[in-house]
Each structure stands twice: as structure tokens, then as C-alpha cells.
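Taking it in order: structure first as C-alpha cells, then the write-up.
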2 protein chains.
Amino acid sequence: MARANEYFARLSSGYLFPEIARRINEWQLRNPGKKVMRLGIGNTTEPITPHIAKAMKDKIDRLSCRDTYTGYGDEQGDTALREALRRHYQEEYGVSLPLDAFFVSDGAKSDAANIQSIFSNSSIIATQDPAYPVYVDSNVAGGHTGSYNKAYDGYEGIVYMRADESNGFVSCPPEEHADLIYLCFPNNPTGAVATKEQLSAFIDYAHKHKSIIIFDAAYSDYIETEGIPHSIYEIDGAMDCAIEINSFSKNAGFTGVRLGWTIVPEKLVCEDENTSLLHQYWNRRQTTFFNGASNIAQAGGIAALDSEGRKECASLVSYYKQNARIIRKGLEETGLTCYGGIDSPYVWTKCPSGMSSWEFFSHLLEKAHVATTPGSGFGPAGEGFVRISAYGHREDIEMAVKSIKENI
Amino acid sequence: MARANEYFARLSSGYLFPEIARRINEWQLRNPGKKVMRLGIGNTTEPITPHIAKAMKDKIDRLSCRDTYTGYGDEQGDTALREALRRHYQEEYGVSLPLDAFFVSDGAKSDAANIQSIFSNSSIIATQDPAYPVYVDSNVAGGHTGSYNKAYDGYEGIVYMRADESNGFVSCPPEEHADLIYLCFPNNPTGAVATKEQLSAFIDYAHKHKSIIIFDAAYSDYIETEGIPHSIYEIDGAMDCAIEINSFSKNAGFTGVRLGWTIVPEKLVCEDENTSLLHQYWNRRQTTFFNGASNIAQAGGIAALDSEGRKECASLVSYYKQNARIIRKGLEETGLTCYGGIDSPYVWTKCPSGMSSWEFFSHLLEKAHVATTPGSGFGPAGEGFVRISAYGHREDIEMAVKSIKENI
């Protein structure tokens with residue numbers, strides 16, 4: 001008799017965003033004709049820019065021509081795109097990485113979820129709390145954790161690194177031992193960034209414990225504060241203990257086009273005797289479970305990394321960051337306490353009057369018709385906050401902020 | 001200390017196609033200036049057709065416009081594409097499936113590899129031998145098998161269903177119990193197809209053993225023989241015991257564009273008491289580990305399924321099938337014994353003079369400068385055969401066949 005994966009049964013509830021969508025739909029049914037202003041999901045709203053769009057259309061023209069058509073590409077990604085990524089790290093961050101450390105993917109979410117599969121089930125996972133739910137959920141489904149424990153609203157076997165007002169939403173390395181440490185800066189959901197010193201503490205921890213850091217840098221282009229690292233490899237010693245994941249979703253508007261990359265250096269230390277094992281296994285994983293990102297998207301990625309493309313991405317990022325400033329200013333004027341929204345598209349907003357995250361979510365939906373994301377959906381330490389996303393047309397952001405100011 | 005996934009260490013060797021590429025490169029270095037004629041990988045060579053290309057370019061135009069831009073789509077796929085797939089099954093195969101049974105993916109390979117992850121590690125896997133290596137490799141990496149056993153060139157714990165000349169390359173259901181049964185028709189690599197009666201025997205087995213069949217139908221559009229089922233759901237009783245995987249790679253030329261789909265009916269029986277568990281878990285897997293196929297590729301998929309798109313796909317398929325006829329005819333004229341190549345782009349060719357698969361591979365490469373795929377790479381029962389692929393420009397196919405005829 002076929003049996004389902006027992007680990008899936010441990011997952012405590014549906015994935016956060018479908019649950020939010022369900023609640024909004026339910027509200028919409030009760031309120032026909034009224035419009036929900038969506039500041040929930042981090043979903044881009046501004047069009048693909050001309051240079052990048054042209055590159056993708058040109059690629060379709062080449063695919064439509066007998067002499068320039070190509071079928072399967074390398075599972076690791078087009079060499080031209082990997083070269084462009086390598087140059088990008090060298091020129092913008094002063095980071096030297098070999099070409100074969102780069103693996104092009106169909107987006108950061110897939111890689112953030114799949115990366116656990118190359119590690120032993122006996123691995124102890126550490127994650128920031130709050131955090132993007134995919135890190136925890138993929139490890140639960142992958143069998144790297146114990147069961148869900150309702151008493152502390154978390155999974156047994158996971159080391160939660162609390163991020164809250166007391167530490168400026170930058171967790172410290174844990175007291176306990178962990179083998180795999182997920183970090184995300186600029187942080188989703190809190191919008192916090194980590195300094196060199198704060199990241200160095202994690203590198204030191206990783207060296208001491210022979211752990212691997214999974215560094216999610218999907219929002220790195222949003223950093224404007226001087227001296228904040230954009231890549232974990234700007235920190236000395238990261239090359240033998242850190243994997244970095246990034247994406248074209250939030251700077252080039254590729255949330256639907258799907259393109260990202262992951263850096264798995266050969267030098268990663270794992271089980272001492274064979275230092276390239278993780279690189280080999282990720283290569284094996286990608287060549288067996290994946291067949292490359294769409295070649296049309298990859299042509300767009302190459303264009304996004306040249307000088308014209310970088311300018312277009314910068315203008316998109318700048319637009320969303322201006323939205324973030326408008327949100328933060330508006331909410332602070334109503335007396336709400338806000339974090340983030342400077343080096344990040346997310347404004348992490350404290351619920352007023354002791355409301356819970358879902359209570360404030362419902363309150364904003366009912367009173368102001370604004371959809372947000374309940375902080376508790378990102379982990380127990382997110383309770384008492386909501387995440388407000390700066391992704392939206394300017395006039396919609398302004399209308400939502402006005403509605404919040406007038407109605408709550 | 002971080003430890004790598006122990007199951008990956010069980011994988012016996014590198015993925016087949018990179019190994020072939022390595023051997024061809026090594027030959028090329030020894031033979032500068034000479035050209036390899038590639039009849040190895042099943043890689044499409046003919047351009048994307050006009051109607052489908054236009055749909056993708058139009059999609060990029062819509063993504064480039066503020067009013068029609070869209071970001072994240074549903075992880076399960078665009079509703080319009082799922083509707084088009086539903087209609088396609090209804091109209092072409094007379095198969096009625098509900099919309100939510102369809103999950104759009106970035107290609108059949110990913111789904112064929114990932115589907116094992118929703119099943120318990122205690123599941124016993126059965127696979128045809130020879131078979132597309134991804135079924136076995138993904139189950140090894142996923143921990144569903146024992147170790148590689150050199151003595152019988154297979155993995156412990158896997159039930160191998162031998163397909164050879166004696167059964168016309170259509171395996172029979174096994175004597176032993178298996179929980180998960182991988183079937184691929186038209187078969188890669190042998191080119192064999194299964195009749196209704198042959199598939200019914202597997203459905204009966206699945207009902208008796210409460211097993212689930214994973215049916216890979218990636219080459220279904222190549223079927224021309226009357227009465228051969230295109231979909232497993234044409235067989236009575238399949239709806240509660242079969243998952244079907246398919247792709248736009250081999251009919252629309254999307255090997256590099258990346259688009260496929262998987263059908264996971266709600267009715268699948270698993271652990272008796274909860275019949276929708278596998279559907280729920282696949283939905284959870286796709287929403288957690290995946291973020292939808294590229295929206296540009298999906299626009300192409302919608303076009304590929306309308307009447308103009310179906311005509312274009314049929315002409316592409318017809319082109320490759322004519323190649324297959326040329327290959328089979330040419331090889332038979334040299335006295336080689338060939339199978340397949342009728343309802344399939346693959347000609348399964350018996351090695352002459354008792355040569356092994358890799359020996360005949362090397363022989364064809366050295367003498368005729370033609371690259372093929374060694375049958376033994378698909379499993380022990382593939383030993384003594386090579387797979388010859390009909391993917392190529394007509395003149396290249398003719399030249400390769402001529403070279404084989406003249407040089408071996």
C-alpha cells in the first residue's frame with residue numbers, strides 16, 4: 001500500500017500566503033464591490049523594463065530561427081549568465097568567486113527549499129525567528145526536524161534565533177550547536193540589515209561548530225546604508241562555510257518570469273575529509289532534479305546584469321523604496337511603531353493596543369480595507385507585528401496609507 | 001558539524017548525459033577539426049513555431065506594460081493554462097479531469113524527480129529496466145532504496161521490471177509487491193508503446209496492491225498506432241491509482257523554455273482513510289518548494305494547446321518522426337536490429353557482434369563520428385543496446401545515417 005511522506009503530516013498548517021488569500025477572499029465575499037488594498041505579499045507590480053524585455057524578445061526570435069535555436073541548456077545555467085554573475089560580484093562587491101560556484105535556478109524560493117536536501121537528516125537546523133516560512137517548512141517536509149510543538153509554537157529540533165526589538169531584529173548566533181544556519185539580510189519580514197560585525201559573529205560560530213550558513217540575499221539590491229554587506233562573501237572566512245541564494249525577482253520584477261541563483265563554493269567544509277562534497281551533491285541534485293531555468297528568463301538575466309540593465313533595476317528598486325518611505329512615514333504619523341523600510345521593501349509594524357498579529361491583520365482589513373501579512377505567520381517571535389509590503393503602484397500605496405490614517 | 005545527505009553517496013555514478021558529454025569532449029580533443037554527429041541526447045533542434053513564439057512575445061509586451069504586468073502566479077499554474085489542459089484531455093482523449101488535478105511545472109524532469117518526495121521512505125519502488133535514469137536516481141537520493149549492488153548492477157530494494165526482446169520491451173507487472181510503479185510510454189529509451197490491455201494489467205496490479213503508478217507520458221504526441229492510449233486515464237480505474245506527468249518539451253520544442261504538467265487526482269487512494277492525502281501533499285510540495293513555471297513559458301503553453309498551436313506541434317512531431325523512419329530504415333539496411341522509432345523519436349538499436357553498449361557507443365563514435373546513448377546507462381537490461389535519437393536537422397540525420405552505413 002502506498003503511504004504518504006510522514007514528515008509532511010508534521011507541517012503545522014497551510015502555507016502562509018494561501019491562508020491570507022483565503023481570508024481576503026472570504027472578506028471580499030462579505031463585502032461585494034469594496035476593494036482590498038493589498039500590502040501583503042511581496043509581489044512586484046511595476047513592468048519589466050525595456051532593455052530586459054527586449055533581450056527576452058530577442059531570445060524568442062533566436063529560438064524561432066533554425067540556425068540559432070537551442071534546446072536543453074546546462075542545468076547549472078548558461079555560461080554567459082554565470083559569467084555575468086561572476087563579474088557582478090567582482091565589480092560591485094569586490095568578491096572573487098569561481099564560475100562553477102554559480103548555479104542558476106528558477107528562483108530563490110526553490111533553492112531555499114531544496115538546499116536542505118543535500119544535508120544529512122541528522123542535521124540540526126537554526127533559523128531566525130521570525131523568518132520566511134520556506135526555511136522551516138522545507139526542513140520539516142525534508143525530515144530534518146521533530147514534530148510541531150504547540151506549547152512554544154515551533155518545531156522540536158529546530159534552534160530558533162529570536163529577533164526582536166531588544167536586538168534590533170538581528171539575531172545573535174545561538175548558544176546551542178547547529179549544523180545549518182539560515183540567515184536572511186535584508187531580512188524578510190523585519191526589514192533589518194546586519195553589519196559586518198554581526199555577520200562575522202555567525203562566520204566565527206560556523207567555523208567553531210563546522211556549520212554551514214545558508215544566506216538568503218534576495219533583497220540585497222535594496223541596501224542603501226553605507227558599510228552594510230550585500231553578499232556574505234564580503235565577510236572574511238565565508239567561502240568555506242556559506243551558501244548564498246539570490247534572485248532577479250525583486251530588482252528586475254521577475255517574480256513571475258522566475259530566475260535566481262545559488263552560490264555553492266567548492267571549498268565548503270563538510271565532514272572534513274572531502275571538502276567539495278556539498279558542491280558535488282548540489283551539482284548532482286541540480287542535474288538530476290532540475291533541467292535548467294527557462295532560457296528566455298536567462299536571456300533577461302544577462303541583460304539585467306549589464307550596465308543598462310543595472311540602471312533599470314536600480315530605478316525599479318528606487319521606486320519601491322520610495323513607497324516604503326511613504327508607508328513608514330504615514331504609519332508613524334498615526335502613532336504606530338515601525339521598523340525596516342530603509343534598506344528593504346518591508347515595513348515591520350508593531351500592532352497597537354496589545355493586539356495579536358491576526359487581530360491587527362483583521363482590523364486593518366475590516367476598517368481600512370488594507371491587506372497585510374500577520375507577523376506570527378513568520379514564527380512565534382513575529383507575534384505582535386504585521387509586515388507591510390512596499391510593492392504596489394504609487395497611487396495605491398498612497399491610498400492605502402491614507403485609508404489606514406483615516407480609519408484606524 | 002554539517003554532514004551531507006548519506007543517500008547521495010549511494011548514487012552509483014554521475015548522471016548519464018554529463019558522462020556522455022565528457023566522453024565526446026575527450027574524443028573531440030583527440031580529433032580536432034572533426035565533427036561529432038549527435039544522435040545522443042533527446043534534445044530538440046527545430047525552432048519554436050510562429051504562433052507559439054508570438055504568444056510568448058505578446059506576453060512579454062503585457063509584462064512590459066503597467067496595466068497588464070503580473071508578478072507571482074499561482075504555484076499550481078495559470079488557470080487559463082490548466083483550463084486548456086483540461087479541455088485537451090477531454091477533447092483529444094475523452095478523459096474528464098477536474099481543474100485542480102492539474103499542476104503546471106517547469107518540465108517533466110523536475111516532477112518525475114520530485115514526485116517521490118510525497119511518499120513515505122518505506123515505499124517500495126518498481127521501475128522498468130531499462131528506464132530514464134531520473135526515476136531511480138531521485139529515489140536513491142530521496143532515501144527510498146538500499147545501496148547499489150554491483151553484482152546485479154542495480155539498487156537493493158528496487159523492483160526492476162525487465163523489458164527486453166522477449167516481451168517486446170513492455171514489462172509485465174512484477175511478481176513482488178511494490179508501492180510506487182514508474183511507467184513510461186512511449187518508452188524512453190526503447191521506443192515501445194503499451195496497449196490498453198498491457199496498461200490494464202498494471203491498473204489491476206495497483207488496485208490489488210494499493211500501489212500508485214507514476215505514468216510518464218512525455219512522448220504521447222508521438223503515438224500514431226491506432227488504439228494505443230495517449231493517457232493512462234484512458235484506462236478504466238486509473239483515476240484512483242495513477243499520477244501522470246507530461247511536457248511541452250518534445251512536441252513544442254520547449255526543452256530550453258521549460259514547461260510541463262503533472263496530474264494528481266484527488267481520488268488517489270493512499271492509506272485508505274484519507275483519499276486526498278497525495279493530492280494535498282503534492283499541492284503543499286508545489287506551494288512550498290516551487291513558485292510556478294515562468295509566466296512567459298506558460299503563455300506559450302496556452303498557445304500550444306489551441307487549434308493553431310496543436311497544428312504547429314503536430315508538424316514538429318511529424319518532422320522528428322520522419323527522421324526516426326530514416327534512421328531505422330538506414331540502420332536496418334546495414335543489418336542492425338532495431339526497435340522503436342514508430343510511435344517514438346527513439347530507435348533502440350541492438351549492438352552487433354556481442355558488443356556491450358559502451359563498446360558500440362565508442363565504435364560508432366570512433367568509426368562513424370556519431371554520438372549515441374549507451375543502453376546500459378538506462379539500467380542493466382539496456383546492456384547490449386544503444387538509443388539513437390531522431391532529434392536533429394534532416395540533413396544531419398541523413399549524414400549520420402550515411403556515415404554509419406559507410407563506416408561500420
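By order in the C-alpha cells, chains are A, B, ...; within a chain, residues start at 1; ligands start at 1, following the order shown.
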* Asked: If we count only C-alpha atoms, which residues of chain B reach to within 7 Å of chain A? Please list them as a PyMOL selection string.
  -> chain B and resi 1-6+8+15+43-49+53+57+60+63-66+69-73+109-110+113-114+117-121+123+134+138+179-180+209-212+255-258+270-271+278+281+288-291+294-296
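Proximity to B:Glu359 at 12 Å, evaluated using only C-alpha atoms and with sequence-adjacent residues fewer than 6 positions away removed, yields Cys351, Pro352, Ser353, Leu365, Glu366, Lys367, Thr372, Thr373, Pro374, Gly375, Ser376, Glu383, Gly384, Phe385 and Val386 of chain B.
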* **Gap from atom CA of A:Leu364 to atom CA of A:Met37 - Å, one decimal** =>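 Rounded to one decimal, the two atoms are 10.1 Å apart.
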* Quick one: residues within 10 Å of B:Gln128, only C-alpha atoms counted, chain neighbours fewer than 3 positions away excluded, as a list of chain:residue names? ->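 Surrounding residues, per the criterion: B:Ala131, B:Tyr132, B:Tyr135, B:Val136, B:Val159, B:Tyr160, B:Met161, B:Arg162, B:Ala163, B:Phe169, B:Val170, B:Ser171, B:Cys172, B:Pro173, B:Pro174, B:Ile181, B:Tyr182, B:Leu183, B:Cys184, B:Asn187, B:Phe378, B:Gly379, B:Ala381.
A straight line drawn from atom CA of A:Tyr89 to atom CA of A:Thr225 is 18.4 Å long.
Within stretch 41-172 of chain A, DSSP run on the backbone puts these residues in strand (DSSP E): A:Phe102, A:Phe103, A:Val104, A:Ser105, A:Ile125, A:Ala126, A:Thr127, A:Gln128, A:Asp129, A:Tyr148, A:Asn149, A:Gly154, A:Tyr155, A:Ile158, A:Val159, A:Tyr160, A:Met161, A:Arg162.
The spacing separating atom CA of B:Gln76 from atom CA of B:Pro98 amounts to 13.4 Å.
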